[in-house]
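> So here's target.tsv, just TSV, C-alpha atoms and all ligand atoms:
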```tsv
chain	number	residue	atom	x	y	z
A	1	MET	CA	-24.59	-11.85	-8.82
A	2	GLN	CA	-25.07	-8.41	-7.23
A	3	ILE	CA	-25.16	-8.39	-3.44
A	4	LYS	CA	-27.74	-6.12	-1.86
A	5	ASN	CA	-26.85	-6.67	1.77
A	6	GLN	CA	-24.92	-9.06	3.97
A	7	MET	CA	-24.61	-9.80	7.69
A	8	ARG	CA	-22.79	-12.01	10.16
A	9	LEU	CA	-23.92	-12.86	13.66
A	10	GLU	CA	-22.12	-14.90	16.32
A	11	PHE	CA	-23.43	-15.98	19.69
A	12	LEU	CA	-22.88	-18.50	22.47
A	13	SER	CA	-24.69	-21.84	22.18
A	14	VAL	CA	-27.27	-21.20	24.89
A	15	PRO	CA	-31.00	-21.89	24.29
A	16	GLU	CA	-31.94	-18.26	25.01
A	17	ASN	CA	-30.26	-17.36	21.71
A	18	GLU	CA	-32.65	-19.50	19.63
A	19	GLY	CA	-35.32	-16.80	19.75
A	20	PHE	CA	-32.75	-14.05	19.31
A	21	ALA	CA	-31.29	-15.72	16.20
A	22	ARG	CA	-34.59	-16.26	14.39
A	23	VAL	CA	-35.83	-12.74	15.15
A	24	ALA	CA	-32.51	-11.22	14.00
A	25	VAL	CA	-32.52	-13.08	10.68
A	26	SER	CA	-36.17	-12.25	10.14
A	27	ALA	CA	-35.47	-8.54	10.82
A	28	PHE	CA	-32.67	-8.68	8.27
A	29	ALA	CA	-34.85	-10.42	5.66
A	30	VAL	CA	-37.69	-7.95	6.08
A	31	GLN	CA	-35.73	-5.37	4.03
A	32	LEU	CA	-36.77	-7.19	0.87
A	33	ASP	CA	-40.39	-6.88	1.94
A	34	PRO	CA	-41.30	-10.60	1.90
A	35	THR	CA	-44.74	-11.90	2.87
A	36	LEU	CA	-45.42	-12.84	6.51
A	37	ASP	CA	-45.63	-16.49	5.45
A	38	ILE	CA	-42.14	-16.35	3.97
A	39	LEU	CA	-40.80	-14.69	7.13
A	40	ALA	CA	-42.40	-17.40	9.25
A	41	ASP	CA	-40.75	-20.07	7.07
A	42	ILE	CA	-37.34	-18.44	7.53
A	43	LYS	CA	-37.79	-18.05	11.30
A	44	THR	CA	-38.71	-21.71	11.65
A	45	ALA	CA	-35.81	-22.97	9.52
A	46	VAL	CA	-33.30	-20.78	11.38
A	47	SER	CA	-34.69	-21.98	14.69
A	48	GLU	CA	-34.19	-25.61	13.61
A	49	ALA	CA	-30.61	-25.10	12.45
A	50	VAL	CA	-29.61	-23.06	15.51
A	51	THR	CA	-31.24	-25.52	17.91
A	52	ASN	CA	-29.37	-28.38	16.24
A	53	ALA	CA	-26.06	-26.52	16.59
A	54	ILE	CA	-26.79	-25.99	20.30
A	55	VAL	CA	-28.16	-29.40	21.28
A	56	HIS	CA	-26.30	-31.71	18.88
A	57	GLY	CA	-23.25	-29.75	17.77
A	58	TYR	CA	-22.17	-28.59	21.20
A	59	GLY	CA	-24.38	-30.54	23.63
A	60	GLU	CA	-23.12	-30.17	27.16
A	61	ARG	CA	-20.20	-27.95	26.26
A	62	LYS	CA	-20.58	-24.40	25.00
A	63	GLY	CA	-19.25	-22.85	21.83
A	64	LEU	CA	-20.05	-20.21	19.25
A	65	VAL	CA	-22.78	-20.48	16.65
A	66	ALA	CA	-22.38	-18.28	13.57
A	67	ILE	CA	-25.03	-17.15	11.13
A	68	THR	CA	-24.26	-15.41	7.87
A	69	ALA	CA	-26.98	-14.10	5.61
A	70	LEU	CA	-26.61	-12.70	2.14
A	71	MET	CA	-29.31	-10.92	0.23
A	72	ARG	CA	-28.99	-10.89	-3.51
A	73	GLU	CA	-30.32	-8.17	-5.83
A	74	ASP	CA	-32.47	-10.80	-7.53
A	75	GLY	CA	-34.41	-11.41	-4.29
A	76	LEU	CA	-32.71	-14.58	-3.06
A	77	LEU	CA	-31.68	-14.88	0.60
A	78	GLU	CA	-28.80	-17.22	1.45
A	79	ILE	CA	-28.37	-18.25	5.09
A	80	ALA	CA	-25.59	-20.34	6.62
A	81	VAL	CA	-25.67	-21.61	10.22
A	82	SER	CA	-22.35	-23.02	11.49
A	83	ASP	CA	-21.01	-24.61	14.62
A	84	GLN	CA	-17.63	-26.01	15.52
A	85	GLY	CA	-19.12	-28.90	17.41
A	86	ARG	CA	-18.98	-32.66	17.07
A	87	GLY	CA	-20.07	-32.93	13.45
A	88	ILE	CA	-22.38	-35.44	11.75
A	89	ALA	CA	-21.15	-38.93	10.90
A	90	ASP	CA	-23.74	-39.74	8.21
A	91	ILE	CA	-25.46	-36.68	6.74
A	92	ASP	CA	-27.93	-38.63	4.54
A	93	GLN	CA	-29.09	-40.62	7.54
A	94	ALA	CA	-29.31	-37.49	9.73
A	95	MET	CA	-31.59	-35.84	7.17
A	96	GLN	CA	-34.07	-38.72	7.03
A	97	PRO	CA	-37.45	-37.82	8.56
A	98	PHE	CA	-37.74	-39.12	12.15
A	99	PHE	CA	-34.04	-39.91	12.48
A	100	THR	CA	-32.73	-38.62	15.80
A	101	THR	CA	-29.80	-39.47	18.03
A	102	GLN	CA	-31.70	-38.05	21.04
A	103	PRO	CA	-35.03	-39.96	21.27
A	104	ASP	CA	-34.64	-39.97	25.07
A	105	LYS	CA	-34.86	-36.16	25.07
A	106	GLU	CA	-38.20	-36.20	23.24
A	107	ARG	CA	-36.66	-35.10	19.97
A	108	SER	CA	-38.71	-36.16	16.97
A	109	GLY	CA	-36.10	-36.13	14.22
A	110	MET	CA	-38.09	-33.65	12.15
A	111	GLY	CA	-35.75	-30.64	12.19
A	112	PHE	CA	-34.10	-31.24	8.82
A	113	SER	CA	-37.46	-32.12	7.24
A	114	VAL	CA	-38.87	-28.81	8.46
A	115	MET	CA	-35.87	-26.94	7.00
A	116	GLN	CA	-36.27	-28.82	3.72
A	117	THR	CA	-39.98	-28.07	3.50
A	118	PHE	CA	-39.85	-24.41	4.51
A	119	MET	CA	-36.81	-23.36	2.49
A	120	ASP	CA	-36.17	-23.62	-1.26
A	121	LYS	CA	-32.82	-25.32	-0.90
A	122	ILE	CA	-30.71	-26.85	1.88
A	123	GLN	CA	-27.21	-28.24	1.84
A	124	VAL	CA	-25.31	-29.67	4.81
A	125	GLU	CA	-21.56	-29.84	5.19
A	126	SER	CA	-20.02	-31.54	8.19
A	127	ILE	CA	-16.72	-32.86	9.41
A	128	LEU	CA	-16.67	-35.23	12.38
A	129	GLY	CA	-15.05	-33.55	15.33
A	130	ALA	CA	-14.80	-30.21	13.52
A	131	GLY	CA	-18.32	-28.93	13.00
A	132	THR	CA	-21.33	-28.48	10.76
A	133	THR	CA	-22.59	-25.84	8.35
A	134	VAL	CA	-26.18	-25.79	7.11
A	135	ARG	CA	-26.70	-23.62	4.00
A	136	MET	CA	-30.21	-22.66	3.03
A	137	GLU	CA	-31.79	-20.51	0.35
A	138	LYS	CA	-35.13	-18.81	0.17
A	139	ARG	CA	-36.59	-16.67	-2.57
A	140	LEU	CA	-38.04	-13.56	-0.94
A	141	LYS	CA	-39.24	-11.91	-4.11
A	142	GLU	CA	-40.01	-13.03	-7.62
A	143	LYS	CA	-37.37	-11.97	-10.12
B	144	MET	CA	-50.23	-21.38	31.58
B	145	GLU	CA	-54.00	-21.41	32.05
B	146	TRP	CA	-55.96	-24.60	32.10
B	147	ILE	CA	-59.36	-25.92	33.04
B	148	LYS	CA	-60.53	-29.37	34.02
B	149	GLN	CA	-63.88	-30.86	33.13
B	150	ARG	CA	-64.43	-34.40	34.33
B	151	ASP	CA	-61.67	-36.49	32.67
B	152	ARG	CA	-60.63	-33.68	30.31
B	153	ALA	CA	-58.02	-30.95	30.67
B	154	GLU	CA	-57.93	-27.96	28.36
B	155	VAL	CA	-54.64	-26.13	28.36
B	156	TYR	CA	-54.11	-22.70	26.77
B	157	LEU	CA	-50.58	-22.50	25.39
B	158	GLU	CA	-49.03	-19.07	24.98
B	159	GLY	CA	-45.97	-17.54	23.38
B	160	GLU	CA	-43.27	-19.55	21.69
B	161	LEU	CA	-42.71	-23.30	21.82
B	162	ASP	CA	-39.10	-23.99	20.91
B	163	HIS	CA	-36.26	-25.95	22.50
B	164	CYS	CA	-35.64	-23.09	24.94
B	165	SER	CA	-39.19	-22.99	26.31
B	166	ALA	CA	-39.89	-26.72	25.84
B	167	GLN	CA	-38.55	-27.76	29.23
B	168	SER	CA	-40.78	-25.48	31.28
B	169	ILE	CA	-43.85	-26.11	29.12
B	170	ARG	CA	-43.26	-29.88	29.40
B	171	ARG	CA	-42.97	-29.55	33.17
B	172	GLU	CA	-46.20	-27.56	33.45
B	173	LEU	CA	-48.10	-29.99	31.24
B	174	ASP	CA	-46.83	-32.94	33.24
B	175	ARG	CA	-47.97	-31.24	36.43
B	176	VAL	CA	-51.48	-31.06	34.95
B	177	LEU	CA	-51.27	-34.74	33.96
B	178	GLU	CA	-50.25	-35.80	37.47
B	179	ASP	CA	-54.00	-35.92	38.10
B	180	GLN	CA	-54.55	-39.51	37.00
B	181	SER	CA	-58.24	-38.93	36.42
B	182	ILE	CA	-57.37	-36.82	33.37
B	183	ARG	CA	-57.53	-38.96	30.26
B	184	HIS	CA	-58.01	-36.39	27.53
B	185	LEU	CA	-55.80	-33.39	26.89
B	186	ILE	CA	-56.82	-30.52	24.63
B	187	LEU	CA	-54.09	-28.07	23.70
B	188	ASP	CA	-55.39	-24.67	22.63
B	189	MET	CA	-52.79	-22.98	20.43
B	190	GLY	CA	-54.71	-19.77	19.78
B	191	LYS	CA	-52.18	-17.65	21.65
B	192	MET	CA	-49.08	-19.49	20.47
B	193	SER	CA	-46.98	-17.34	18.16
B	194	PHE	CA	-44.25	-19.82	17.20
B	195	MET	CA	-43.54	-23.53	17.18
B	196	ASP	CA	-40.78	-25.65	15.64
B	197	SER	CA	-39.90	-29.35	15.79
B	198	SER	CA	-39.16	-29.11	19.53
B	199	GLY	CA	-42.91	-28.59	19.93
B	200	ILE	CA	-43.61	-31.84	18.10
B	201	GLY	CA	-41.45	-33.63	20.65
B	202	VAL	CA	-43.32	-32.05	23.57
B	203	ILE	CA	-46.76	-32.89	22.16
B	204	LEU	CA	-45.81	-36.46	21.20
B	205	GLY	CA	-44.33	-37.00	24.65
B	206	ARG	CA	-47.63	-35.98	26.30
B	207	TYR	CA	-49.50	-38.16	23.80
B	208	ARG	CA	-47.48	-41.18	24.99
B	209	ILE	CA	-48.36	-40.47	28.63
B	210	LEU	CA	-52.08	-40.24	27.85
B	211	ALA	CA	-52.09	-43.16	25.40
B	212	ALA	CA	-50.70	-45.32	28.21
B	213	ARG	CA	-53.82	-44.37	30.22
B	214	GLY	CA	-56.08	-45.12	27.29
B	215	GLY	CA	-56.58	-41.39	26.67
B	216	THR	CA	-56.14	-38.92	23.82
B	217	VAL	CA	-54.61	-35.60	22.87
B	218	ALA	CA	-56.23	-33.03	20.59
B	219	VAL	CA	-55.17	-29.58	19.41
B	220	ARG	CA	-57.25	-26.54	18.67
B	221	ASN	CA	-56.83	-23.08	17.08
B	222	MET	CA	-53.58	-23.88	15.28
B	223	ASN	CA	-52.34	-21.25	12.86
B	224	ALA	CA	-51.54	-22.32	9.29
B	225	HIS	CA	-47.82	-22.44	9.95
B	226	VAL	CA	-48.04	-24.73	12.96
B	227	GLU	CA	-50.52	-26.89	11.09
B	228	ARG	CA	-47.98	-27.41	8.30
B	229	ILE	CA	-45.43	-28.72	10.81
B	230	PHE	CA	-48.13	-30.91	12.29
B	231	ILE	CA	-49.05	-32.51	8.98
B	232	LEU	CA	-45.42	-32.80	7.87
B	233	SER	CA	-44.61	-34.87	10.95
B	234	GLY	CA	-47.71	-37.04	10.59
B	235	MET	CA	-48.94	-35.96	14.02
B	236	HIS	CA	-52.46	-35.45	12.67
B	237	GLN	CA	-52.70	-39.23	12.38
B	238	ILE	CA	-52.67	-39.67	16.15
B	239	ILE	CA	-53.59	-36.22	17.46
B	240	ARG	CA	-56.95	-34.84	16.46
B	241	ILE	CA	-57.17	-31.31	15.09
B	242	LEU	CA	-60.33	-29.67	16.44
A	301	LIG	N1	-25.24	-29.24	14.06
A	301	LIG	C1	-25.25	-30.58	14.27
A	301	LIG	N2	-24.16	-31.20	14.83
A	301	LIG	C2	-24.16	-32.52	15.05
A	301	LIG	N3	-25.20	-33.34	14.76
A	301	LIG	C3	-26.30	-32.80	14.21
A	301	LIG	C4	-26.39	-31.40	13.93
A	301	LIG	N4	-27.60	-31.15	13.38
A	301	LIG	C5	-28.22	-32.34	13.30
A	301	LIG	N5	-27.46	-33.34	13.80
A	301	LIG	C6	-27.82	-34.78	13.84
A	301	LIG	O1	-28.88	-35.01	12.93
A	301	LIG	C7	-29.99	-35.60	13.61
A	301	LIG	C8	-31.28	-35.14	12.96
A	301	LIG	O2	-31.49	-33.74	13.16
A	301	LIG	P1	-33.00	-33.19	13.14
A	301	LIG	O3	-32.98	-31.74	13.45
A	301	LIG	O4	-33.65	-33.62	11.87
A	301	LIG	O5	-33.70	-34.00	14.31
A	301	LIG	P2	-33.49	-33.82	15.90
A	301	LIG	O6	-32.79	-32.55	16.19
A	301	LIG	O7	-32.86	-35.05	16.42
A	301	LIG	O8	-35.00	-33.74	16.40
A	301	LIG	P3	-35.95	-32.44	16.32
A	301	LIG	O9	-35.29	-31.43	15.42
A	301	LIG	O10	-37.23	-32.94	15.72
A	301	LIG	O11	-36.10	-31.96	17.71
A	301	LIG	C9	-29.83	-35.22	15.07
A	301	LIG	O12	-30.46	-36.12	15.93
A	301	LIG	C10	-28.30	-35.24	15.21
A	301	LIG	O13	-27.82	-36.54	15.41
A	302	MG	MG	-33.36	-30.73	15.34
```
Would you put the structure from the file into structure tokens?
Ligand SMILES: Nc1ncnc2c1ncn2[C@@H]1O[C@H](COP(=O)(O)OP(=O)(O)OP(=O)(O)O)[C@@H](O)[C@H]1O
Ligand SMILES: [Mg+2]

Amino acid sequence: MQIKNQMRLEFLSVPENEGFARVAVSAFAVQLDPTLDILADIKTAVSEAVTNAIVHGYGERKGLVAITALMREDGLLEIAVSDQGRGIADIDQAMQPFFTTQPDKERSGMGFSVMQTFMDKIQVESILGAGTTVRMEKRLKEK
Amino acid sequence: MEWIKQRDRAEVYLEGELDHCSAQSIRRELDRVLEDQSIRHLILDMGKMSFMDSSGIGVILGRYRILAARGGTVAVRNMNAHVERIFILSGMHQIIRIL
């Protein structure tokens, strides 16, 4: 598959970077001239994945969150959000709607469901104690 | 954050982005409004809100619990289509009225 463009972004796991990350990815995606609805979907999904890396992956400690995005000639955008935090013990359980390990912090357990609904594809890889990568795909343009 | 009180009802005008980063201060401001125990109904106007993700669901559900414990309600108004999708996805529309 022909690659049209590619980027990599790395930032510290502080909440201020949630807005930065979703705006940066959206500015990258805009090159393929997607609709505003599609851009809003991408912003929301990126916000969910980055927030998870910050609050669950790293929690009280700080580390780096990395985002890579790859734009294919055929109009598909691939995004990966990675942390080197604590990892997820049971990915299937974590992805269930309403499942959260932080109910005390008013988390609703809907982050993965939002990513699933707003993106065309999502795949989660995680190793306990080593980190998590969330890979997502979104078609920006019809072939 | 602007808000008005009418009898037992508070109308709050949310602005900007509601994500994990802004959630803490928005939660604090809403809870300050709700310190007035005579308020039983909260209306959140989202007309000037440009972004919300699942952190917003947590904030709204948390305020719903506070008001439900007083026998009150929460309603939302002027949601854009995107926020409404998150709302319906999470089933919030079953307990929080969309005006
Ligand atoms: N990057 C990550 N590292 C470690 N654990 C994670 C990570 N992302 C998600 N999880 C785990 O998966 C659970 C579900 O995540 P999800 O985003 O669906 O809900 P939440 O973050 O708990 O709540 P919400 O997103 O609605 O605020 C989290 O509670 C957490 O236990
Ligand atoms: Mg989440």
> Pick out the residues no farther than 7 Å from ligand MG 302 (chain A), counting only C-alpha atoms and all ligand atoms, and list them as a list in words.
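Residues lying within 7 Å of ligand MG 302 (chain A): Glu48, Ala49, Thr51, Asn52, Gly109, Met110, Gly111 and Phe112 of chain A; Ser197 of chain B.
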> Can you work out which residues are within 6 Å of ligand LIG 301 (chain A), considering all atoms listed in the file, and then hand them over as a PyMOL selection string?
(chain A and resi 52-53+56-57+86-88+94-95+99-102+107-112+132) or (chain B and resi 197-198)
> Could you list, as an mmCIF file with C-alpha atoms, in the coordinates of the input, every residue within 10 Å of stretch 68-72 of chain A, counting all atoms listed in the file and ignoring same-chain residues fewer than 5 positions away?

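Output file result_17.cif follows:
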```
data_model
loop_
_atom_site.group_PDB
_atom_site.id
_atom_site.type_symbol
_atom_site.label_atom_id
_atom_site.label_comp_id
_atom_site.auth_asym_id
_atom_site.auth_seq_id
_atom_site.Cartn_x
_atom_site.Cartn_y
_atom_site.Cartn_z
ATOM 1 C CA MET A 1 -24.590 -11.850 -8.820
ATOM 2 C CA GLN A 2 -25.070 -8.410 -7.230
ATOM 3 C CA ILE A 3 -25.160 -8.390 -3.440
ATOM 4 C CA LYS A 4 -27.740 -6.120 -1.860
ATOM 5 C CA ASN A 5 -26.850 -6.670 1.770
ATOM 6 C CA GLN A 6 -24.920 -9.060 3.970
ATOM 7 C CA MET A 7 -24.610 -9.800 7.690
ATOM 8 C CA ARG A 8 -22.790 -12.010 10.160
ATOM 9 C CA LEU A 9 -23.920 -12.860 13.660
ATOM 10 C CA GLU A 10 -22.120 -14.900 16.320
ATOM 11 C CA VAL A 25 -32.520 -13.080 10.680
ATOM 12 C CA PHE A 28 -32.670 -8.680 8.270
ATOM 13 C CA ALA A 29 -34.850 -10.420 5.660
ATOM 14 C CA GLN A 31 -35.730 -5.370 4.030
ATOM 15 C CA LEU A 32 -36.770 -7.190 0.870
ATOM 16 C CA LEU A 77 -31.680 -14.880 0.600
ATOM 17 C CA GLU A 78 -28.800 -17.220 1.450
ATOM 18 C CA ILE A 79 -28.370 -18.250 5.090
ATOM 19 C CA ALA A 80 -25.590 -20.340 6.620
ATOM 20 C CA VAL A 81 -25.670 -21.610 10.220
ATOM 21 C CA SER A 82 -22.350 -23.020 11.490
ATOM 22 C CA ARG A 135 -26.700 -23.620 4.000
ATOM 23 C CA MET A 136 -30.210 -22.660 3.030
ATOM 24 C CA GLU A 137 -31.790 -20.510 0.350
ATOM 25 C CA LYS A 138 -35.130 -18.810 0.170
ATOM 26 C CA ARG A 139 -36.590 -16.670 -2.570
ATOM 27 C CA LEU A 140 -38.040 -13.560 -0.940
#
```
> Near chain A, which residues of chain B fall within 7 Å when you count all atoms listed in the file, and what do they look like as JSON, numbers by chain?
{"B": [163, 164, 196, 197, 198, 200, 201, 202, 205, 229, 233]}
> Near stretch 179-195 of chain B, within 10 Å and counting all atoms listed in the file, which residues show up once chain neighbours fewer than 2 positions away are dropped, as a PyMOL selection string?
(chain A and resi 19+40+43-44+47) or (chain B and resi 146-163+166+173-177+197-200+203+206-207+209-223+225-227+229-230+239-242)
> Do you have the atom CA of A:Ser13-atom CA of A:Asp92 distance handy?
24.6 Å
> What is the distance, in Å and to one decimal place, between atom CA of A:Gly129 and atom CA of A:Gly85?
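So the answer is 6.5 Å.
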> Please measure the separation of atom CA of B:Arg228 and atom CA of A:Ile67, giving the value in Å to one decimal.
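Atom CA of A:Ile67 lies 25.3 Å from atom CA of B:Arg228.
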